[in-house]
Amino acid sequence: MKRIPINRIIPFSNVDGPGNRLAIFVQKCPFQCWYCHNPETINMCIHCGKCVDVCPVGALSKVDGEVKWNQELCVQCDACIGTCEHMSSPKMYWMSVDDVIAEINKNRMFIRGITVSGGECMEYPEFLLELFTRVKAMGLTCFLDSNGYYDFKKYPELLDVCDAVMLDVKASDVEFHKQLTSQGNKTVLSNLEYLISRNKMYEVRTVLLNGYEDMNEKTVRYVSSIVQDHCRYKLIKYRPFGVRKEYLEKLGNRIVSDDVLNRCADIARNCGVKDVVVV
Amino acid sequence: MATDVYKIISDTTLTYHQQVKALAGLAESTDLESLPLTDEEKAAMQDGILCDLNEGRVPYRPRYIIPDYSILMEKGSKFLDLPVPTTLLEACTYLNIMYKHVPSITTFPVYLGNLDELLEPFVQKETYENAKAILKMFLLQIDRTLTDSFVHADIGPKDSLTARILLELSCEMQCAMPNLTLKYDPEVTSDDFAKVCAKAMLKVAKPSFANHKMFCEDWGEDYVIASCYNGLKLAGGGYTLPRLRMYELSLKANSVEDFKTRVLPHYVGIMLKFMDKRIKFIVEESSFFKSNFLVTEGFVKRENFTGMFGMVGLAECCNHLLGITDVTKGYGHNEQADQLGVEIMEELEKLVKAHEGLYCEGCGSRYGLHAQVGIDSDGRENSPGTRIAVGNEPIMPLHIAHSAKFHKFFPTGTGDIFKFEETWENTPDAVVDVIKGAMSMGMRYFSGYLENNDVVRVTGYLVKKSELAKLDANGQSLNNASIFGKGARDFSNALDRRVEKYEENSN
């Protein structure tokens, strides 16, 4: 059975969709966002071995050219992640659909569904199709948390078993999106319209940045014109926690002010969005 | 040398009422003749195994009294010279008058009634604004005159306007009193009402959620939750609640087998006899069941009372018997220790159930097991009931699964407390999902609160952190339970339980 790299599973999450959910964070993401809070989920490990030397408890070793992680010895100090120069992590679980289902079963009583996030969940559409098909049969809901890089139109079967998507629209301006994420936004924007048209959008999210007020407003106006009363639009304050040093210089070491947040929320409401949430 | 009386009357940190109560306790402790201790009881007490929870040497009332207040609503009271109430203001006033006259171990009533059932007919006759204004004064009077957190009211299982107003007021007023329980059954309690309750629980540490189905199976529909989380019969109560301190008990055994077959039965026998003796005294010698208006007017019936068999420190008992010194690898994190815990509880349950209790016909002539929440002097040697030591809790799903294994043993009460970080306040539906799961697994009683609250749940009762600060500054606190809370905080780290945080919750 095919296995995919999973960075971690959070059995109780109250912030990844409705109710209490089990959240699965897959490894690997096509974007490299300036404000990524968990950059260690972006790339696959290239087995350079730099982390092996900094592990204080000997939980990492290099065997046959590959970095191996001993979960039993690990004290979760994250020294390895702090050292990694490739935006990756040696702590990864290669899991099959069966493995993930077993984790879900342990927590099934307490959750109303699962959410697959990342990294970028759509790196693994076949895996998701099988997982969701089985999880739906268990009476649980299945959500995706996606950056919209991959075209959802190509996966109609997956959308059939997916209850809803939470989509990030990081910027509507293509050039700014390229700077901010390292990729264009054409598919992101077409996904925005497509998922709404299929009635599969739970919420759209935009992170508001320090010092880019014009881009904040441009994105909010654009997204709002499409979201309207179809779903929730969540505006998120940029927070510096976990952000890489070089980007702290660009985005600042402070949380976006409530002024900026409220102004954007007003714009969204004035553009006709019925359900605006700010965090 | 200052006498004990002098110490009490000169103590500036005690309120007048707290002095009177302490003096009464002192007076009671001077009578060593009316109900003398046997030598083996004395020895067990000296060894720290048998503990009477400061119940006093000569009990002059049952420890917990559960009046059926619906009688006051339907008939009034002759002794209190109160007619049948016709308005919400009258109903609330009459209840407050009656509360003043309900005795208990704390001198305050430990049960105030299923307030929504009692008051809903009157609330329905008022405008929302009027009802809220009257209920606000009702709650204010309770908080400032029934100054003890073991004062407890129930709501549910059905949704009601009364309960919703009481919850709104609880959140606005941020009072420690009264303690509050929702009788919760997902099939009867609407999701929306459960969400309102969960939100209040996070904001003001109440209500707790009682597993209605489970309590009904043990007691029938006429049960109540009183004091901390005590399951008892309506129009009845609990005569007495002594407890076995399991850690000290384990020190008497030279093996697991010896513990189960010799030590446990021996001391359970001593405690059961101790309970029989006290119950006989309360019923046959003290005046309560002969002349108190609660009895003569039918608010309580003698046969609905029972004895409560308390225990603490199962965690430390199991760890000691298995020679586990690192608690992070012991009870709560170790299958063998948890399994031993279950086996000990099965043994204990068998012994208690085999004993024919005195004067508790309405409860099948049996005493009920109770997971006692501990007292400040327990320190860290005996964790409450069957709980995992505070601060040593595993992640929430594992913690709940562990609790659920033990809750079935305790018809007269048990419970666990979960501390949430701030984001959960915005997602009460997620909290309800967790509670539903917990109850379906067999959890009897679920309490929670937000990490930064002023009103917090210590072990089973509520205190305000701001009131503990008054005691820290050598001032007085109106709430009698603040003193216990301060002790539990200082000696048992009771406020340092694990916080349910998103980041720490990964596998």
# chains A, B, ... in the order shown; residues from 1 in each chain; ligands from 1
>>> select_by_dssp(residues="stretch 120-278 of chain A", states="alpha helix (DSSP H)", output="MDAnalysis selection string")
chainID A and resid 125:137 156:161 174:181 186:197 213:227 245:251 258:270
>>> interface_residues(of="chain A", to="chain B", cutoff="9 Å", atoms="only C-alpha atoms", output="VMD selection string")
chain A and resid 8 to 15 18 to 21 106 to 112
>>> write_last_selection(atoms="C-alpha atoms", output="tab-separated table (two decimals), in the first residue's frame")
chain	number	residue	atom	x	y	z
A	8	ARG	CA	2.30	15.16	12.17
A	9	ILE	CA	-1.24	14.36	13.28
A	10	ILE	CA	-3.07	16.47	15.85
A	11	PRO	CA	-5.84	14.32	17.37
A	12	PHE	CA	-7.85	17.25	18.81
A	13	SER	CA	-8.00	20.39	16.72
A	14	ASN	CA	-10.58	23.12	17.23
A	15	VAL	CA	-9.10	25.44	14.59
A	18	PRO	CA	-16.07	22.89	12.26
A	19	GLY	CA	-16.14	21.16	15.65
A	20	ASN	CA	-13.40	19.02	17.06
A	21	ARG	CA	-11.33	17.40	14.28
A	106	LYS	CA	-8.32	5.92	18.27
A	107	ASN	CA	-10.01	9.32	18.40
A	108	ARG	CA	-13.22	8.62	16.55
A	109	MET	CA	-15.48	9.13	19.57
A	110	PHE	CA	-14.33	12.71	20.03
A	111	ILE	CA	-14.28	14.13	16.52
A	112	ARG	CA	-16.83	14.98	13.87
>>> select_by_dssp(residues="stretch 89-146 of chain A", states="strand (DSSP E or B)", output="number ranges by chain")
A: 93-96, 113-117, 141-146
>>> write_last_selection(atoms="all heavy atoms", output="short mmCIF file (atom, residue, chain, number, x, y, z; two decimals), in the first residue's frame")
data_model
loop_
_atom_site.label_atom_id
_atom_site.label_comp_id
_atom_site.auth_asym_id
_atom_site.auth_seq_id
_atom_site.Cartn_x
_atom_site.Cartn_y
_atom_site.Cartn_z
N TYR A 93 6.53 10.73 9.41
CA TYR A 93 5.89 9.42 9.49
C TYR A 93 5.47 9.03 8.08
O TYR A 93 4.70 9.75 7.44
CB TYR A 93 4.64 9.48 10.37
CG TYR A 93 4.85 10.07 11.75
CD1 TYR A 93 4.81 11.45 11.94
CD2 TYR A 93 5.09 9.24 12.85
CE1 TYR A 93 5.00 12.00 13.20
CE2 TYR A 93 5.27 9.79 14.11
CZ TYR A 93 5.22 11.17 14.28
OH TYR A 93 5.40 11.70 15.54
N TRP A 94 5.98 7.92 7.59
CA TRP A 94 5.50 7.41 6.29
C TRP A 94 4.30 6.53 6.57
O TRP A 94 4.44 5.44 7.11
CB TRP A 94 6.62 6.64 5.58
CG TRP A 94 7.63 7.58 4.99
CD1 TRP A 94 8.76 8.06 5.59
CD2 TRP A 94 7.58 8.17 3.67
NE1 TRP A 94 9.41 8.93 4.75
CE2 TRP A 94 8.73 9.02 3.56
CE3 TRP A 94 6.69 8.10 2.60
CZ2 TRP A 94 8.99 9.76 2.41
CZ3 TRP A 94 6.97 8.83 1.45
CH2 TRP A 94 8.10 9.65 1.36
N MET A 95 3.15 7.02 6.21
CA MET A 95 1.93 6.31 6.61
C MET A 95 1.08 5.89 5.41
O MET A 95 0.96 6.61 4.43
CB MET A 95 1.09 7.20 7.54
CG MET A 95 1.79 7.52 8.85
SD MET A 95 0.86 8.68 9.90
CE MET A 95 -0.23 7.55 10.76
N SER A 96 0.47 4.73 5.55
CA SER A 96 -0.49 4.24 4.57
C SER A 96 -1.88 4.72 4.98
O SER A 96 -2.07 5.21 6.10
CB SER A 96 -0.46 2.71 4.54
OG SER A 96 -0.91 2.22 5.78
N GLY A 113 -14.93 14.91 12.38
CA GLY A 113 -14.34 14.74 11.07
C GLY A 113 -12.84 14.91 11.08
O GLY A 113 -12.23 15.07 12.13
N ILE A 114 -12.27 14.85 9.86
CA ILE A 114 -10.83 15.05 9.74
C ILE A 114 -10.57 16.20 8.76
O ILE A 114 -11.41 16.53 7.93
CB ILE A 114 -10.10 13.79 9.24
CG1 ILE A 114 -10.49 13.45 7.79
CG2 ILE A 114 -10.39 12.60 10.15
CD1 ILE A 114 -9.57 12.46 7.13
N THR A 115 -9.39 16.80 8.91
CA THR A 115 -8.96 17.83 7.99
C THR A 115 -7.53 17.50 7.57
O THR A 115 -6.69 17.23 8.44
CB THR A 115 -9.00 19.22 8.67
OG1 THR A 115 -10.35 19.49 9.05
CG2 THR A 115 -8.50 20.30 7.72
N VAL A 116 -7.30 17.48 6.26
CA VAL A 116 -5.94 17.26 5.80
C VAL A 116 -5.35 18.60 5.37
O VAL A 116 -5.93 19.32 4.57
CB VAL A 116 -5.86 16.25 4.64
CG1 VAL A 116 -4.40 16.02 4.24
CG2 VAL A 116 -6.51 14.93 5.06
N SER A 117 -4.22 18.92 6.00
CA SER A 117 -3.55 20.19 5.76
C SER A 117 -2.09 19.89 5.45
O SER A 117 -1.73 18.76 5.13
CB SER A 117 -3.72 21.05 7.02
OG SER A 117 -3.12 22.30 6.85
N THR A 141 -16.84 13.67 8.62
CA THR A 141 -16.69 14.60 7.51
C THR A 141 -15.21 14.76 7.14
O THR A 141 -14.33 14.56 7.98
CB THR A 141 -17.26 15.99 7.85
OG1 THR A 141 -16.59 16.49 9.01
CG2 THR A 141 -18.75 15.91 8.11
N CYS A 142 -14.97 15.11 5.88
CA CYS A 142 -13.60 15.23 5.38
C CYS A 142 -13.38 16.62 4.80
O CYS A 142 -14.08 17.02 3.86
CB CYS A 142 -13.34 14.19 4.29
SG CYS A 142 -13.48 12.51 4.89
N PHE A 143 -12.42 17.33 5.35
CA PHE A 143 -12.11 18.68 4.89
C PHE A 143 -10.68 18.73 4.36
O PHE A 143 -9.82 17.98 4.81
CB PHE A 143 -12.24 19.69 6.03
CG PHE A 143 -13.64 20.15 6.28
CD1 PHE A 143 -14.66 19.24 6.54
CD2 PHE A 143 -13.95 21.50 6.25
CE1 PHE A 143 -15.96 19.67 6.77
CE2 PHE A 143 -15.24 21.94 6.48
CZ PHE A 143 -16.24 21.03 6.75
N LEU A 144 -10.46 19.64 3.40
CA LEU A 144 -9.11 19.91 2.92
C LEU A 144 -8.74 21.35 3.24
O LEU A 144 -9.59 22.25 3.15
CB LEU A 144 -9.03 19.71 1.41
CG LEU A 144 -9.08 18.26 0.92
CD1 LEU A 144 -9.19 18.24 -0.61
CD2 LEU A 144 -7.85 17.48 1.37
N ASP A 145 -7.50 21.55 3.61
CA ASP A 145 -6.98 22.89 3.84
C ASP A 145 -5.89 23.07 2.79
O ASP A 145 -4.83 22.44 2.87
CB ASP A 145 -6.41 22.95 5.26
CG ASP A 145 -5.83 24.31 5.59
OD1 ASP A 145 -5.58 25.11 4.65
OD2 ASP A 145 -5.61 24.57 6.78
N SER A 146 -6.18 23.91 1.76
CA SER A 146 -5.30 23.92 0.57
C SER A 146 -4.84 25.32 0.22
O SER A 146 -5.52 26.31 0.49
CB SER A 146 -6.08 23.33 -0.62
OG SER A 146 -5.34 23.51 -1.81
#
>>> residues_around(residues="stretch 360-376 of chain B", least_positions_apart="2", cutoff="7 Å", atoms="only C-alpha atoms", output="ChimeraX atom specification")
/B:303-312,352-353,355-358,378-379,383-386,409-414,459-460,484,487-488,491-492
>>> write_last_selection(atoms="N, CA, C and O atoms", output="CSV table (one decimal), in the first residue's frame")
chain,number,residue,atom,x,y,z
B,303,GLU,N,-35.0,6.9,54.2
B,303,GLU,CA,-34.6,5.8,53.4
B,303,GLU,C,-33.9,6.2,52.1
B,303,GLU,O,-33.3,5.3,51.5
B,304,ASN,N,-34.0,7.4,51.7
B,304,ASN,CA,-33.3,7.9,50.5
B,304,ASN,C,-31.8,8.3,50.8
B,304,ASN,O,-31.1,8.7,49.9
B,305,PHE,N,-31.4,8.2,52.0
B,305,PHE,CA,-30.0,8.6,52.3
B,305,PHE,C,-29.2,7.3,52.2
B,305,PHE,O,-29.7,6.2,52.2
B,306,THR,N,-27.9,7.5,52.0
B,306,THR,CA,-27.0,6.4,52.0
B,306,THR,C,-25.6,6.8,52.5
B,306,THR,O,-25.4,8.0,52.7
B,307,GLY,N,-24.7,5.9,52.7
B,307,GLY,CA,-23.4,6.1,53.2
B,307,GLY,C,-22.5,6.2,51.9
B,307,GLY,O,-22.7,5.5,51.0
B,308,MET,N,-21.5,7.1,52.0
B,308,MET,CA,-20.6,7.3,50.9
B,308,MET,C,-19.2,6.8,51.3
B,308,MET,O,-18.6,7.3,52.2
B,309,PHE,N,-18.8,5.8,50.5
B,309,PHE,CA,-17.5,5.2,50.8
B,309,PHE,C,-16.4,5.9,49.9
B,309,PHE,O,-16.3,5.6,48.7
B,310,GLY,N,-15.6,6.8,50.5
B,310,GLY,CA,-14.6,7.5,49.8
B,310,GLY,C,-13.3,6.9,49.7
B,310,GLY,O,-12.9,6.0,50.5
B,311,MET,N,-12.6,7.2,48.6
B,311,MET,CA,-11.2,6.8,48.4
B,311,MET,C,-10.4,7.8,47.7
B,311,MET,O,-10.9,8.6,46.9
B,312,VAL,N,-9.1,7.9,48.0
B,312,VAL,CA,-8.2,8.8,47.3
B,312,VAL,C,-6.9,8.0,47.0
B,312,VAL,O,-6.6,7.1,47.7
B,352,VAL,N,-17.5,-3.4,49.0
B,352,VAL,CA,-18.5,-2.4,49.4
B,352,VAL,C,-19.9,-2.9,49.1
B,352,VAL,O,-20.8,-2.8,49.9
B,353,LYS,N,-20.0,-3.6,47.9
B,353,LYS,CA,-21.4,-4.0,47.5
B,353,LYS,C,-21.8,-5.2,48.4
B,353,LYS,O,-23.0,-5.5,48.5
B,355,HIS,N,-21.6,-5.5,51.4
B,355,HIS,CA,-21.9,-5.1,52.8
B,355,HIS,C,-23.4,-4.6,52.8
B,355,HIS,O,-23.7,-3.7,52.0
B,356,GLU,N,-24.2,-5.1,53.7
B,356,GLU,CA,-25.5,-4.5,53.8
B,356,GLU,C,-25.5,-3.3,54.7
B,356,GLU,O,-25.2,-3.3,55.8
B,357,GLY,N,-25.8,-2.1,54.0
B,357,GLY,CA,-25.7,-0.8,54.7
B,357,GLY,C,-26.9,-0.6,55.6
B,357,GLY,O,-28.0,-1.3,55.5
B,358,LEU,N,-26.7,0.3,56.5
B,358,LEU,CA,-27.8,0.6,57.5
B,358,LEU,C,-28.6,1.8,57.0
B,358,LEU,O,-28.1,2.7,56.5
B,378,ASP,N,-3.5,16.5,52.0
B,378,ASP,CA,-3.1,15.3,51.3
B,378,ASP,C,-1.7,15.6,50.5
B,378,ASP,O,-1.0,14.6,50.2
B,379,GLY,N,-1.4,16.8,50.3
B,379,GLY,CA,-0.2,17.1,49.5
B,379,GLY,C,-0.2,16.4,48.2
B,379,GLY,O,-1.2,16.3,47.5
B,383,SER,N,-3.4,11.5,45.1
B,383,SER,CA,-4.1,12.2,44.1
B,383,SER,C,-5.6,12.0,44.3
B,383,SER,O,-6.0,10.9,44.8
B,384,PRO,N,-6.4,13.0,43.9
B,384,PRO,CA,-7.9,12.8,44.1
B,384,PRO,C,-8.4,11.5,43.4
B,384,PRO,O,-8.0,11.2,42.3
B,385,GLY,N,-9.2,10.8,44.2
B,385,GLY,CA,-9.9,9.6,43.7
B,385,GLY,C,-9.0,8.7,42.8
B,385,GLY,O,-8.0,8.2,43.3
B,386,THR,N,-9.4,8.5,41.6
B,386,THR,CA,-8.6,7.7,40.7
B,386,THR,C,-7.9,8.5,39.6
B,386,THR,O,-7.4,8.0,38.6
B,409,PHE,N,-17.3,3.0,38.5
B,409,PHE,CA,-17.3,2.5,39.9
B,409,PHE,C,-17.9,3.4,40.9
B,409,PHE,O,-18.1,3.0,42.0
B,410,PHE,N,-18.3,4.6,40.5
B,410,PHE,CA,-18.6,5.7,41.5
B,410,PHE,C,-20.0,6.3,41.3
B,410,PHE,O,-20.1,7.4,40.9
B,411,PRO,N,-21.0,5.6,41.7
B,411,PRO,CA,-22.3,6.2,41.6
B,411,PRO,C,-22.5,7.5,42.5
B,411,PRO,O,-23.2,8.4,42.2
B,412,THR,N,-21.8,7.5,43.6
B,412,THR,CA,-21.9,8.7,44.5
B,412,THR,C,-20.9,9.8,44.1
B,412,THR,O,-20.6,10.8,44.8
B,413,GLY,N,-20.3,9.6,42.9
B,413,GLY,CA,-19.5,10.8,42.4
B,413,GLY,C,-18.0,10.5,42.1
B,413,GLY,O,-17.3,9.9,42.8
B,414,THR,N,-17.7,11.1,40.9
B,414,THR,CA,-16.3,11.2,40.5
B,414,THR,C,-16.2,12.2,39.4
B,414,THR,O,-17.3,12.6,38.9
B,459,THR,N,-10.3,21.2,42.7
B,459,THR,CA,-10.3,19.7,42.6
B,459,THR,C,-11.8,19.2,42.3
B,459,THR,O,-11.9,18.3,41.5
B,460,GLY,N,-12.7,19.9,42.8
B,460,GLY,CA,-14.1,19.7,42.5
B,460,GLY,C,-14.9,20.9,42.7
B,460,GLY,O,-16.0,21.1,42.2
B,484,PHE,N,-9.5,26.2,51.5
B,484,PHE,CA,-9.1,24.9,50.9
B,484,PHE,C,-8.4,25.1,49.6
B,484,PHE,O,-7.4,24.4,49.3
B,487,GLY,N,-4.8,26.0,50.0
B,487,GLY,CA,-4.0,24.9,50.5
B,487,GLY,C,-3.8,23.9,49.3
B,487,GLY,O,-2.7,23.5,49.1
B,488,ALA,N,-4.8,23.7,48.5
B,488,ALA,CA,-4.7,22.7,47.4
B,488,ALA,C,-3.7,23.3,46.3
B,488,ALA,O,-3.0,22.6,45.7
B,491,PHE,N,-0.1,23.1,48.2
B,491,PHE,CA,0.5,21.9,48.6
B,491,PHE,C,0.3,20.7,47.6
B,491,PHE,O,1.0,19.7,47.6
B,492,SER,N,-0.7,20.9,46.7
B,492,SER,CA,-1.0,19.8,45.8
B,492,SER,C,-0.9,20.3,44.3
B,492,SER,O,-1.3,19.5,43.4
>>> residues_around(residues="stretch 107-114 of chain B", least_positions_apart="5", cutoff="6 Å", atoms="only C-alpha atoms", output="PyMOL selection string")
chain B and resi 66+99+102+150-155+226-227
>>> write_last_selection(atoms="N, CA, C and O atoms", output="tab-separated table (two decimals), in the first residue's frame")
chain	number	residue	atom	x	y	z
B	66	ILE	N	-30.28	16.56	50.67
B	66	ILE	CA	-30.81	16.89	49.33
B	66	ILE	C	-32.32	17.07	49.42
B	66	ILE	O	-33.09	16.13	49.16
B	99	TYR	N	-32.91	27.87	51.92
B	99	TYR	CA	-31.49	27.49	51.88
B	99	TYR	C	-30.80	27.74	53.22
B	99	TYR	O	-29.97	26.96	53.67
B	102	VAL	N	-31.12	24.73	55.62
B	102	VAL	CA	-30.73	23.36	55.23
B	102	VAL	C	-29.33	23.09	55.77
B	102	VAL	O	-28.37	23.71	55.33
B	150	PHE	N	-19.21	24.61	47.95
B	150	PHE	CA	-19.86	23.30	47.86
B	150	PHE	C	-21.37	23.45	47.71
B	150	PHE	O	-22.09	22.47	47.61
B	151	VAL	N	-21.83	24.69	47.70
B	151	VAL	CA	-23.23	25.01	47.39
B	151	VAL	C	-23.43	24.75	45.90
B	151	VAL	O	-22.70	25.30	45.07
B	152	HIS	N	-24.38	23.88	45.54
B	152	HIS	CA	-24.42	23.34	44.18
B	152	HIS	C	-25.85	23.32	43.63
B	152	HIS	O	-26.78	22.89	44.32
B	153	ALA	N	-26.02	23.80	42.41
B	153	ALA	CA	-27.32	23.75	41.74
B	153	ALA	C	-27.21	22.93	40.46
B	153	ALA	O	-26.13	22.82	39.88
B	154	ASP	N	-28.34	22.38	40.00
B	154	ASP	CA	-28.36	21.60	38.77
B	154	ASP	C	-29.26	22.27	37.73
B	154	ASP	O	-30.20	22.97	38.08
B	155	ILE	N	-28.95	22.02	36.46
B	155	ILE	CA	-29.85	22.39	35.36
B	155	ILE	C	-29.91	21.22	34.38
B	155	ILE	O	-29.08	20.32	34.44
B	226	ALA	N	-24.61	17.19	43.80
B	226	ALA	CA	-24.48	18.16	44.88
B	226	ALA	C	-23.02	18.29	45.29
B	226	ALA	O	-22.18	17.48	44.89
B	227	SER	N	-22.75	19.32	46.08
B	227	SER	CA	-21.40	19.57	46.61
B	227	SER	C	-20.40	19.64	45.45
B	227	SER	O	-20.59	20.43	44.54
